[in-house]
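Reproduced below: work_33.cif, with mmCIF, C-alpha atoms.
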data_structure
#
loop_
_atom_site.label_atom_id
_atom_site.label_comp_id
_atom_site.auth_asym_id
_atom_site.auth_seq_id
_atom_site.Cartn_x
_atom_site.Cartn_y
_atom_site.Cartn_z
CA MET A 187 -97.34 166.48 16.77
CA LEU A 188 -100.41 165.65 18.75
CA TRP A 189 -102.08 163.70 15.97
CA THR A 190 -99.40 161.05 16.02
CA THR A 191 -100.26 160.17 19.58
CA GLY A 192 -103.67 161.75 19.88
CA ALA A 193 -105.88 158.70 20.19
CA ILE A 194 -108.67 159.37 22.68
CA THR A 195 -110.12 156.56 24.69
CA ALA A 196 -113.36 156.17 26.56
CA GLY A 197 -113.50 157.87 29.91
CA GLU A 198 -112.61 161.38 28.75
CA ALA A 199 -114.50 164.19 30.41
CA PRO A 200 -117.68 165.10 28.52
CA LEU A 201 -117.48 168.14 26.29
CA SER A 202 -118.81 171.34 27.77
CA PRO A 203 -121.63 173.04 25.82
CA ALA A 204 -119.14 175.59 24.47
CA GLU A 205 -116.72 172.85 23.40
CA LEU A 206 -119.56 170.92 21.83
CA LYS A 207 -120.62 173.95 19.81
CA ARG A 208 -117.05 174.48 18.62
CA ALA A 209 -116.66 170.81 17.75
CA VAL A 210 -119.86 170.73 15.70
CA LYS A 211 -118.76 173.81 13.78
CA LEU A 212 -115.28 172.39 13.24
CA ASP A 213 -116.73 169.10 12.03
CA ARG A 214 -118.78 170.90 9.40
CA GLN A 215 -116.08 173.35 8.37
CA LYS A 216 -113.20 170.90 8.12
CA CYS A 217 -114.72 167.45 7.62
CA TRP A 218 -118.06 167.75 5.86
CA ARG A 219 -116.69 170.15 3.28
CA CYS A 220 -114.69 167.30 1.76
CA HIS A 221 -116.80 164.21 2.42
CA LYS A 222 -120.08 162.97 3.72
CA PRO A 223 -120.46 162.55 7.50
CA HIS A 224 -119.38 159.27 9.05
CA ASP A 225 -120.56 157.63 12.24
CA PRO A 226 -117.67 156.59 14.53
CA ARG A 227 -119.80 153.73 15.83
CA SER A 228 -119.49 152.06 12.45
CA TYR A 229 -115.73 151.70 12.94
CA ALA A 230 -113.48 149.93 15.40
CA ARG A 231 -111.81 152.47 17.70
CA ASP A 232 -108.32 151.74 16.31
CA GLU A 233 -109.52 152.04 12.74
CA TRP A 234 -111.27 155.31 13.50
CA ASN A 235 -108.19 156.73 15.21
CA GLU A 236 -106.06 155.74 12.23
CA TRP A 237 -108.44 157.62 9.90
CA MET A 238 -108.47 160.57 12.28
CA THR A 239 -104.69 160.77 12.07
CA LYS A 240 -104.78 160.79 8.26
CA MET A 241 -107.67 163.23 8.02
CA SER A 242 -106.26 165.53 10.64
CA ARG A 243 -103.16 165.96 8.54
CA LYS A 244 -105.22 166.40 5.39
CA ALA A 245 -107.43 169.05 6.98
CA ARG A 246 -104.44 170.83 8.50
CA LEU A 247 -106.03 170.68 11.95
CA LYS A 248 -104.25 172.45 14.75
CA PRO A 249 -103.35 170.18 17.69
CA SER A 250 -106.11 171.73 19.80
CA GLU A 251 -108.66 171.19 17.00
CA ASP A 252 -107.50 167.61 16.55
CA THR A 253 -107.97 166.89 20.24
CA LEU A 254 -111.38 168.52 20.35
CA LEU A 255 -112.64 166.55 17.35
CA ARG A 256 -111.28 163.28 18.70
CA ARG A 257 -113.09 163.89 22.01
CA TYR A 258 -116.23 164.85 20.11
CA PHE A 259 -116.23 161.69 18.01
CA GLU A 260 -115.33 159.54 20.99
CA GLN A 261 -118.33 160.97 22.76
CA THR A 262 -120.61 159.92 19.92
CA ARG A 263 -119.74 156.33 20.78
CA GLY A 264 -121.73 156.81 23.96
CA GLU A 265 -124.83 157.86 22.05
CA PRO A 266 -127.57 155.34 21.25
CA GLU A 267 -126.89 153.03 18.34
CA PRO A 268 -128.51 154.11 15.10
CA VAL A 269 -131.59 152.32 13.86
CA LYS A 270 -130.74 149.95 11.02
CA MET Z 42 -121.65 156.87 29.24
CA HIS Z 43 -121.60 160.41 28.01
CA THR Z 44 -124.80 162.30 28.34
CA THR Z 45 -123.92 165.51 26.52
CA LYS Z 46 -126.00 165.90 23.41
CA LEU Z 47 -124.03 166.03 20.23
CA ASN Z 48 -124.46 167.31 16.75
CA PRO Z 49 -128.18 167.50 15.92
CA CYS Z 50 -127.70 164.80 13.34
CA ILE Z 51 -126.68 162.29 15.97
CA LYS Z 52 -129.21 163.15 18.65
CA PRO Z 53 -131.60 160.27 19.24
CA THR Z 54 -134.38 162.15 17.46
CA PRO Z 55 -136.32 160.61 14.59
CA LEU Z 56 -134.44 162.77 12.12
CA GLY Z 57 -131.09 162.10 13.74
CA LEU Z 58 -131.75 158.38 13.91
CA ALA Z 59 -132.80 158.33 10.29
CA LEU Z 60 -129.60 160.08 9.28
CA LEU Z 61 -127.55 157.74 11.41
CA ALA Z 62 -129.26 154.81 9.77
CA ALA Z 63 -128.22 156.23 6.43
CA TRP Z 64 -124.67 156.74 7.68
CA THR Z 65 -124.23 153.21 8.81
CA THR Z 66 -125.24 151.80 5.47
CA LEU Z 67 -122.33 153.56 3.88
CA SER Z 68 -119.18 151.90 2.74
CA PRO Z 69 -115.96 152.19 4.75
CA LEU Z 70 -114.60 155.67 5.23
CA PRO Z 71 -113.49 156.93 1.86
CA VAL Z 72 -110.40 159.02 1.55
CA PRO Z 73 -111.46 162.62 1.27
CA ALA Z 74 -109.73 165.13 -0.92
CA THR Z 75 -110.37 168.43 -2.57
CA GLU Z 76 -111.13 166.50 -5.68
CA ARG Z 77 -113.36 167.59 -8.51
CA LEU Z 78 -116.07 165.19 -9.53
CA PHE Z 79 -116.51 166.96 -12.87
CA THR Z 80 -114.07 168.56 -15.28
CA TYR Z 81 -116.02 171.57 -16.61
CA THR Z 82 -118.17 172.17 -13.56
CA TYR Z 83 -116.62 173.45 -10.36
CA GLU Z 84 -117.99 172.52 -6.94
CA PRO Z 85 -118.38 175.23 -4.28
CA GLU Z 86 -115.88 173.81 -1.77
CA THR Z 87 -112.57 175.63 -1.67
CA MET Z 88 -109.30 174.19 -0.40
CA ILE Z 89 -108.37 174.00 3.26
CA GLN Z 90 -106.07 176.81 4.38
CA GLY Z 91 -102.45 175.90 3.76
CA ALA Z 92 -103.20 173.05 1.31
CA THR Z 93 -101.42 173.10 -2.04
CA GLU Z 94 -102.15 171.00 -5.09
CA ILE Z 95 -100.79 170.68 -8.61
CA GLU Z 96 -103.25 169.82 -11.38
CA GLN Z 97 -102.55 168.68 -14.93
CA TRP Z 98 -105.35 169.17 -17.43
CA VAL Z 99 -105.59 167.52 -20.83
CA THR Z 100 -108.51 168.47 -23.09
CA LEU Z 101 -109.28 167.04 -26.50
CA ARG Z 102 -111.81 168.83 -28.71
CA ALA Z 103 -112.39 166.77 -31.83
CA GLY Z 104 -114.56 166.68 -34.93
CA LYS Z 105 -115.50 169.42 -37.36
CA ASN Z 106 -116.20 168.98 -41.07
CA SER Z 107 -115.22 170.06 -44.58
CA ALA Z 108 -117.95 172.72 -44.68
CA VAL Z 109 -116.01 174.74 -42.12
CA GLY Z 110 -112.70 173.82 -43.79
CA LYS Z 111 -111.51 171.49 -41.07
CA ASP Z 112 -111.59 167.78 -41.77
CA ASN Z 113 -110.06 165.38 -39.22
CA TYR Z 114 -110.02 168.17 -36.69
CA ALA Z 115 -108.36 167.71 -33.29
CA ARG Z 116 -107.34 170.28 -30.75
CA TRP Z 117 -105.37 169.42 -27.63
CA ASP Z 118 -105.18 171.84 -24.72
CA LEU Z 119 -102.65 171.24 -21.98
CA ARG Z 120 -102.77 173.14 -18.74
CA THR Z 121 -100.76 172.93 -15.52
CA GLU Z 122 -102.24 174.60 -12.48
CA LEU Z 123 -100.91 175.26 -9.01
CA GLU Z 124 -103.68 175.76 -6.42
CA HIS Z 125 -103.30 176.97 -2.87
CA GLY Z 126 -105.76 177.44 -0.01
CA VAL Z 127 -104.99 180.98 1.16
CA THR Z 128 -107.74 180.74 3.76
CA ASP Z 129 -110.46 178.14 4.34
CA ARG Z 130 -112.67 180.25 2.05
CA TYR Z 131 -110.24 181.61 -0.52
CA THR Z 132 -108.33 179.51 -3.04
CA LEU Z 133 -105.84 180.95 -5.47
CA GLY Z 134 -104.87 179.13 -8.66
CA LEU Z 135 -102.05 179.91 -11.03
CA TYR Z 136 -102.10 178.43 -14.53
CA LEU Z 137 -98.43 178.24 -15.26
CA LEU Z 138 -98.20 176.38 -18.53
CA GLN Z 139 -100.95 176.46 -21.12
CA PHE Z 140 -100.50 175.12 -24.63
CA LYS Z 141 -102.77 174.50 -27.58
CA ALA Z 142 -101.99 172.00 -30.37
CA GLU Z 143 -104.41 172.05 -33.29
CA SER Z 144 -104.43 169.90 -36.42
CA PHE Z 145 -106.81 169.43 -39.32
CA GLU Z 146 -106.99 168.81 -43.05
CA ASP Z 147 -107.99 171.75 -45.26
CA PRO Z 148 -110.25 170.36 -48.02
CA ALA Z 149 -110.23 173.65 -49.96
CA THR Z 150 -106.79 172.93 -51.37
CA SER Z 151 -106.01 170.23 -53.91
CA PRO Z 152 -104.71 167.94 -52.67
CA PRO Z 153 -106.03 168.69 -49.16
CA THR Z 154 -103.38 170.27 -46.94
CA ASP Z 155 -102.50 169.12 -43.45
CA VAL Z 156 -102.45 172.06 -41.10
CA SER Z 157 -101.02 171.95 -37.60
CA GLU Z 158 -100.35 174.66 -35.08
CA PHE Z 159 -98.80 174.79 -31.63
CA GLU Z 160 -99.41 177.83 -29.48
CA TRP Z 161 -98.53 179.02 -26.00
CA LYS Z 162 -101.69 180.26 -24.33
CA GLY Z 163 -100.13 182.48 -21.70
CA VAL Z 164 -100.68 182.53 -17.96
CA ALA Z 165 -103.88 182.87 -15.98
CA LEU Z 166 -104.86 183.56 -12.41
CA GLU Z 167 -107.89 181.97 -10.79
CA ASN Z 168 -109.63 183.19 -7.64
CA ARG Z 169 -112.35 181.30 -5.80
CA TYR Z 170 -114.07 182.68 -2.73
CA MET Z 171 -116.61 180.53 -0.89
CA LEU Z 172 -119.52 182.72 0.16
CA LEU Z 173 -121.65 179.91 1.62
CA ASN Z 174 -120.09 176.68 2.85
CA PRO Z 175 -122.40 173.87 1.68
CA ALA Z 176 -121.62 171.97 4.90
CA GLU Z 177 -123.21 174.79 6.89
CA HIS Z 178 -125.96 176.00 4.54
CA ALA Z 179 -128.72 174.50 2.46
CA ILE Z 180 -126.72 175.29 -0.64
CA GLY Z 181 -123.08 176.13 -1.29
CA LEU Z 182 -122.14 179.27 -3.17
CA THR Z 183 -118.74 180.34 -4.45
CA ALA Z 184 -117.67 183.32 -6.55
CA TYR Z 185 -115.02 182.67 -9.17
CA LEU Z 186 -112.91 185.05 -11.22
CA GLU Z 187 -110.23 184.02 -13.69
CA GLY Z 188 -108.14 186.29 -15.86
CA GLY Z 189 -105.49 185.42 -18.42
CA TYR Z 190 -103.10 187.05 -20.87
CA SER Z 191 -100.88 185.70 -23.62
CA GLY Z 192 -99.56 188.81 -25.34
CA THR Z 193 -102.05 188.75 -28.23
CA GLU Z 194 -105.13 187.53 -26.38
CA ALA Z 195 -106.71 188.09 -22.99
CA PHE Z 196 -109.78 186.93 -21.15
CA LEU Z 197 -111.79 187.56 -18.02
CA GLU Z 198 -114.09 184.86 -16.77
CA PRO Z 199 -116.37 185.36 -13.77
CA LYS Z 200 -118.66 182.56 -12.66
CA LEU Z 201 -121.03 181.64 -9.89
CA ILE Z 202 -120.69 178.16 -8.47
CA LEU Z 203 -123.55 176.41 -6.68
CA GLY Z 204 -123.69 172.93 -5.25
CA GLN Z 205 -124.54 170.57 -2.44
CA ARG Z 206 -123.95 167.04 -1.21
CA HIS Z 207 -126.86 164.74 -0.32
CA GLY Z 208 -125.45 161.55 1.19
CA ASP Z 209 -123.70 159.72 -1.62
CA TRP Z 210 -124.95 162.18 -4.20
CA LYS Z 211 -123.46 165.51 -5.08
CA TRP Z 212 -124.53 168.12 -7.58
CA ALA Z 213 -123.04 171.37 -8.81
CA ALA Z 214 -123.99 174.07 -11.30
CA ASN Z 215 -121.95 176.95 -12.74
CA PHE Z 216 -123.12 180.13 -14.46
CA ILE Z 217 -120.33 181.62 -16.54
CA TYR Z 218 -119.76 184.71 -18.58
CA GLU Z 219 -116.45 184.88 -20.42
CA ASN Z 220 -115.11 187.95 -22.12
CA GLU Z 221 -112.32 187.34 -24.63
CA TRP Z 222 -110.14 189.85 -26.41
CA GLU Z 223 -108.68 188.23 -29.52
CA ASP Z 224 -106.61 189.18 -32.57
CA ASN Z 225 -104.12 191.41 -30.73
CA LEU Z 226 -106.89 192.48 -28.36
CA SER Z 227 -108.82 194.16 -31.22
CA GLU Z 228 -111.78 191.78 -31.34
CA VAL Z 229 -114.18 191.16 -28.45
CA VAL Z 230 -116.10 187.94 -28.01
CA GLY Z 231 -118.55 187.10 -25.26
CA ILE Z 232 -119.33 183.54 -24.27
CA VAL Z 233 -122.25 182.65 -22.04
CA GLU Z 234 -122.00 179.22 -20.50
CA GLY Z 235 -123.88 177.02 -18.11
CA THR Z 236 -122.54 173.76 -16.76
CA ALA Z 237 -123.94 171.27 -14.29
CA GLY Z 238 -123.16 167.85 -12.92
CA LEU Z 239 -124.64 165.14 -10.76
CA SER Z 240 -122.42 162.44 -9.30
CA ARG Z 241 -122.76 159.45 -7.00
CA ASP Z 242 -120.09 158.08 -4.69
CA LEU Z 243 -119.82 154.40 -5.59
CA GLY Z 244 -117.51 153.53 -2.71
CA GLY Z 245 -114.04 152.10 -3.17
CA ASN Z 246 -112.76 155.60 -4.05
CA TRP Z 247 -114.85 155.86 -7.23
CA SER Z 248 -117.59 158.30 -8.23
CA LEU Z 249 -119.66 158.24 -11.38
CA GLY Z 250 -121.81 161.03 -12.69
CA LEU Z 251 -123.23 162.96 -15.59
CA GLU Z 252 -122.06 166.37 -16.73
CA VAL Z 253 -123.78 168.89 -19.00
CA ARG Z 254 -122.32 171.96 -20.69
CA SER Z 255 -124.13 174.63 -22.68
CA ARG Z 256 -121.94 177.07 -24.64
CA ASN Z 257 -123.27 180.16 -26.42
CA LYS Z 258 -120.99 182.40 -28.45
CA TRP Z 259 -121.74 186.11 -28.62
CA PRO Z 260 -119.24 187.89 -30.92
CA ASP Z 261 -119.01 191.68 -30.64
CA TYR Z 262 -122.16 191.58 -28.51
CA SER Z 263 -124.20 191.80 -31.70
CA GLY Z 264 -126.30 188.70 -31.04
CA PHE Z 265 -125.48 185.06 -30.53
CA SER Z 266 -123.73 183.29 -33.38
CA SER Z 267 -124.02 179.72 -32.10
CA SER Z 268 -125.19 177.51 -29.27
CA ALA Z 269 -124.17 173.98 -28.40
CA LEU Z 270 -125.09 171.46 -25.74
CA PHE Z 271 -122.74 168.71 -24.56
CA VAL Z 272 -123.68 165.82 -22.27
CA GLY Z 273 -121.63 162.89 -21.03
CA PRO Z 274 -120.36 160.76 -18.17
CA ALA Z 275 -117.86 161.93 -15.54
CA VAL Z 276 -115.71 159.40 -13.67
CA ASN Z 277 -113.62 160.27 -10.62
CA TYR Z 278 -111.03 158.19 -8.75
CA ARG Z 279 -109.31 159.43 -5.61
CA LYS Z 280 -106.68 158.33 -3.15
CA GLU Z 281 -105.19 160.01 -0.16
CA ARG Z 282 -102.74 162.22 -2.05
CA PHE Z 283 -104.16 162.40 -5.59
CA TRP Z 284 -107.33 162.34 -7.62
CA ALA Z 285 -108.22 162.03 -11.29
CA THR Z 286 -111.39 162.85 -13.22
CA LEU Z 287 -112.38 162.08 -16.81
CA THR Z 288 -115.34 163.47 -18.74
CA VAL Z 289 -116.39 162.50 -22.26
CA MET Z 290 -119.06 164.82 -23.64
CA PRO Z 291 -120.39 164.51 -27.18
CA GLN Z 292 -122.30 167.45 -28.61
CA VAL Z 293 -125.96 166.43 -28.58
CA TRP Z 294 -127.44 169.64 -29.97
CA GLY Z 295 -126.14 172.69 -31.76
CA TYR Z 296 -127.49 175.66 -33.62
CA ASN Z 297 -126.10 178.42 -35.86
CA TYR Z 298 -128.04 181.66 -35.68
CA HIS Z 299 -126.79 182.94 -39.04
CA GLY Z 300 -127.43 180.44 -41.79
CA ASN Z 301 -125.93 176.97 -41.88
CA PRO Z 302 -122.17 177.52 -42.28
CA ASP Z 303 -121.31 173.98 -41.18
CA ASP Z 304 -123.87 172.26 -43.39
CA ASN Z 305 -125.21 170.52 -40.32
CA THR Z 306 -128.63 171.32 -38.89
CA ALA Z 307 -128.29 169.12 -35.80
CA LEU Z 308 -124.94 170.35 -34.42
CA ASP Z 309 -122.74 173.44 -34.46
CA LEU Z 310 -119.37 172.59 -35.94
CA LYS Z 311 -118.28 176.11 -36.76
CA ASP Z 312 -117.58 177.31 -33.22
CA ASN Z 313 -117.73 173.93 -31.46
CA GLU Z 314 -116.64 170.34 -31.92
CA ARG Z 315 -118.41 166.99 -32.03
CA VAL Z 316 -116.89 165.79 -28.76
CA LEU Z 317 -115.09 167.18 -25.72
CA ILE Z 318 -112.86 164.91 -23.63
CA ARG Z 319 -111.16 166.29 -20.54
CA PHE Z 320 -108.90 164.54 -18.05
CA ILE Z 321 -107.58 166.18 -14.89
CA VAL Z 322 -105.12 164.58 -12.50
CA ALA Z 323 -104.05 166.32 -9.29
CA PHE Z 324 -101.49 165.70 -6.56
CA ASP Z 325 -101.30 167.14 -3.07
CA LEU Z 326 -98.01 168.89 -2.40
#
Since I need it in another form, could you write the structure as structure tokens?
Amino acid sequence: MLWTTGAITAGEAPLSPAELKRAVKLDRQKCWRCHKPHDPRSYARDEWNEWMTKMSRKARLKPSEDTLLRRYFEQTRGEPEPVK
Amino acid sequence: MHTTKLNPCIKPTPLGLALLAAWTTLSPLPVPATERLFTYTYEPETMIQGATEIEQWVTLRAGKNSAVGKDNYARWDLRTELEHGVTDRYTLGLYLLQFKAESFEDPATSPPTDVSEFEWKGVALENRYMLLNPAEHAIGLTAYLEGGYSGTEAFLEPKLILGQRHGDWKWAANFIYENEWEDNLSEVVGIVEGTAGLSRDLGGNWSLGLEVRSRNKWPDYSGFSSSALFVGPAVNYRKERFWATLTVMPQVWGYNYHGNPDDNTALDLKDNERVLIRFIVAFDL
């Protein structure tokens, strides 16, 4: 399964607007329904990927959905740091 | 560096930055689940498609008095439920095993007689359909319909489930109307209920909240016979593959509309008990 080897690293191509829209919707439908949102920047990349693997299984994500969400969250690491 | 703008909540806008600031103050990623933070109040989220869970319920209803002929009253209800996410919006639940064990002392006899009863409560089917996903709307809304039959009794219980999460806080409210056919289906009883809960994620897999339940009995639709209000704490613990929730709710107010059959002007002990304790534990399959 993809989620056992699906870690995404920096350098992936940016999401297209259509992919971004799908990823946002998927995030809300599959992730936020069970827990509050989490910022990937608050986690080490390995730790985040480990959680993604667990959550992907829990949310029954399809391989294509898993990949899209991993790219989406990876992309958030390039966004400005939140104000503390 | 990626330049594509992301989810509105993580755009570098004042609102997005404020939300991100809130995010980063949170504890490490908790393990999510389809857990219930309350035991009488449902939350609007349904199960993910394909997910299956088994739940064991244990409910203790305790405390009546000699005026209603039931000293040392205790009633245990056991329920085993299998839940399955048919789609992301529709969850089906099957109550496979339901039992009631009731015991009390009858003060009308001399000496007082110990009475105990064990009864199979039949099977029930529960349907939940999420009309508004709280993650995508200002408020979550789910329609619920449960029906059950035991051979001598039957019930139909529709309810509306509202709720929303606000950071570490989550609330839910249910509006319930239950129609029961008792005594070999010859007697009809209506029950109007409202329940609500507010809970806070404490981190470390724990949540703590407060739950409220209002129960109003309406026999034969000829006017209410009693009302009771229960309030108490709700504690939830969750791990990756299981969760457990406990609520302890004493009756804080009760009223009998026809006289004072329980010789108690502060509580209703005829149709209700002094305290409700419910524990639910669930495992992912």
Within 8 Å of chain Z, which residues of chain A show up when using all atoms listed in the file, listed as a count of residues only?
32
Do you know which residues are at most 7 Å from Phe159 in chain Z counting only C-alpha atoms, after dropping those on the same chain fewer than 2 positions away, and could you put them as a list in words?
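Non-adjacent residues within range: Lys141, Ala142, Glu143 and Ser157 of chain Z.
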Separation of CA of Leu247 in chain A from CA of Glu233 in chain A in Å
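Atom-to-atom, CA of Glu233 in chain A and CA of Leu247 in chain A are spaced 19.0 Å apart.
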Exercise: range 183-190 of chain Z partners within 9 Å, all atoms listed in the file, chain neighbours under 3 positions left out, as a tab-separated table (two decimals) with C-alpha atoms, in the coordinates of the input:
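Below is the file that was written, around_11.tsv:
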chain	number	residue	atom	x	y	z
Z	84	GLU	CA	-117.99	172.52	-6.94
Z	85	PRO	CA	-118.38	175.23	-4.28
Z	86	GLU	CA	-115.88	173.81	-1.77
Z	87	THR	CA	-112.57	175.63	-1.67
Z	130	ARG	CA	-112.67	180.25	2.05
Z	134	GLY	CA	-104.87	179.13	-8.66
Z	136	TYR	CA	-102.10	178.43	-14.53
Z	162	LYS	CA	-101.69	180.26	-24.33
Z	163	GLY	CA	-100.13	182.48	-21.70
Z	164	VAL	CA	-100.68	182.53	-17.96
Z	165	ALA	CA	-103.88	182.87	-15.98
Z	166	LEU	CA	-104.86	183.56	-12.41
Z	167	GLU	CA	-107.89	181.97	-10.79
Z	168	ASN	CA	-109.63	183.19	-7.64
Z	169	ARG	CA	-112.35	181.30	-5.80
Z	170	TYR	CA	-114.07	182.68	-2.73
Z	171	MET	CA	-116.61	180.53	-0.89
Z	172	LEU	CA	-119.52	182.72	0.16
Z	173	LEU	CA	-121.65	179.91	1.62
Z	174	ASN	CA	-120.09	176.68	2.85
Z	193	THR	CA	-102.05	188.75	-28.23
Z	194	GLU	CA	-105.13	187.53	-26.38
Z	195	ALA	CA	-106.71	188.09	-22.99
Z	196	PHE	CA	-109.78	186.93	-21.15
Z	197	LEU	CA	-111.79	187.56	-18.02
Z	198	GLU	CA	-114.09	184.86	-16.77
Z	199	PRO	CA	-116.37	185.36	-13.77
Z	200	LYS	CA	-118.66	182.56	-12.66
Z	201	LEU	CA	-121.03	181.64	-9.89
Z	202	ILE	CA	-120.69	178.16	-8.47
Z	203	LEU	CA	-123.55	176.41	-6.68
Z	204	GLY	CA	-123.69	172.93	-5.25
Quick one: distance from CA of Gly110 in chain Z to CA of Ile318 in chain Z in Å, one decimal?
22.0 Å
One decimal, in Å: what's the spacing between CA of Val230 in chain Z and CA of Arg77 in chain Z?
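So the answer is 28.3 Å.
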For Lys211 in chain A, the nearest of the candidates Z:His178, Z:Val322, Z:Trp294, Z:Ile95, counting all atoms listed in the file:
Z:His178
Nearest to Ser250 in chain A, chosen from A:Leu212, A:Ala230, A:Ala204, A:Ala199, with all atoms listed in the file counted in the distances
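Smallest distance to Ser250 in chain A is found for A:Leu212.
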Just say which residues the PyMOL selection byres ((chain Z and resi 301-314) around 12) picks in this file, as a PyMOL selection string.
chain Z and resi 101-116+230+232+254-260+265-271+290-300+315-318
Fewer than 6 positions away in the same chain doesn't count, so skip those; otherwise give me all residues within 8 Å of Asp155 in chain Z, counting all atoms listed in the file, as a short mmCIF file (atom, residue, chain, number, x, y, z; two decimals) with C-alpha atoms, in the coordinates of the input.
data_model
loop_
_atom_site.label_atom_id
_atom_site.label_comp_id
_atom_site.auth_asym_id
_atom_site.auth_seq_id
_atom_site.Cartn_x
_atom_site.Cartn_y
_atom_site.Cartn_z
CA SER Z 144 -104.43 169.90 -36.42
CA PHE Z 145 -106.81 169.43 -39.32
CA GLU Z 146 -106.99 168.81 -43.05
CA ASP Z 147 -107.99 171.75 -45.26
#
Would you kindly translate the PyMOL selection byres ((chain A and resi 238) around 10) into the concrete residues it picks from this file, as a PDB file with C-alpha atoms, in the frame of the given file?
ATOM      1  CA  TRP A 189    -102.080 163.700  15.970  1.00  0.00           C
ATOM      2  CA  THR A 190     -99.400 161.050  16.020  1.00  0.00           C
ATOM      3  CA  GLY A 192    -103.670 161.750  19.880  1.00  0.00           C
ATOM      4  CA  ALA A 193    -105.880 158.700  20.190  1.00  0.00           C
ATOM      5  CA  ASP A 232    -108.320 151.740  16.310  1.00  0.00           C
ATOM      6  CA  GLU A 233    -109.520 152.040  12.740  1.00  0.00           C
ATOM      7  CA  TRP A 234    -111.270 155.310  13.500  1.00  0.00           C
ATOM      8  CA  ASN A 235    -108.190 156.730  15.210  1.00  0.00           C
ATOM      9  CA  GLU A 236    -106.060 155.740  12.230  1.00  0.00           C
ATOM     10  CA  TRP A 237    -108.440 157.620   9.900  1.00  0.00           C
ATOM     11  CA  THR A 239    -104.690 160.770  12.070  1.00  0.00           C
ATOM     12  CA  LYS A 240    -104.780 160.790   8.260  1.00  0.00           C
ATOM     13  CA  MET A 241    -107.670 163.230   8.020  1.00  0.00           C
ATOM     14  CA  SER A 242    -106.260 165.530  10.640  1.00  0.00           C
ATOM     15  CA  ARG A 243    -103.160 165.960   8.540  1.00  0.00           C
ATOM     16  CA  LYS A 244    -105.220 166.400   5.390  1.00  0.00           C
ATOM     17  CA  ASP A 252    -107.500 167.610  16.550  1.00  0.00           C
ATOM     18  CA  LEU A 255    -112.640 166.550  17.350  1.00  0.00           C
ATOM     19  CA  ARG A 256    -111.280 163.280  18.700  1.00  0.00           C
ATOM     20  CA  PHE A 259    -116.230 161.690  18.010  1.00  0.00           C
TER      21      PHE A 259
END
Neighbours of Ser248 in chain Z within 9 Å (only C-alpha atoms; same-chain residues fewer than 2 positions away dropped), as a CSV table (one decimal) with C-alpha atoms, keeping the file's coordinate frame?
chain,number,residue,atom,x,y,z
Z,78,LEU,CA,-116.1,165.2,-9.5
Z,240,SER,CA,-122.4,162.4,-9.3
Z,241,ARG,CA,-122.8,159.4,-7.0
Z,242,ASP,CA,-120.1,158.1,-4.7
Z,243,LEU,CA,-119.8,154.4,-5.6
Z,244,GLY,CA,-117.5,153.5,-2.7
Z,245,GLY,CA,-114.0,152.1,-3.2
Z,246,ASN,CA,-112.8,155.6,-4.0
Z,250,GLY,CA,-121.8,161.0,-12.7
Z,275,ALA,CA,-117.9,161.9,-15.5
Z,276,VAL,CA,-115.7,159.4,-13.7
Z,277,ASN,CA,-113.6,160.3,-10.6
Z,278,TYR,CA,-111.0,158.2,-8.8
Z,279,ARG,CA,-109.3,159.4,-5.6
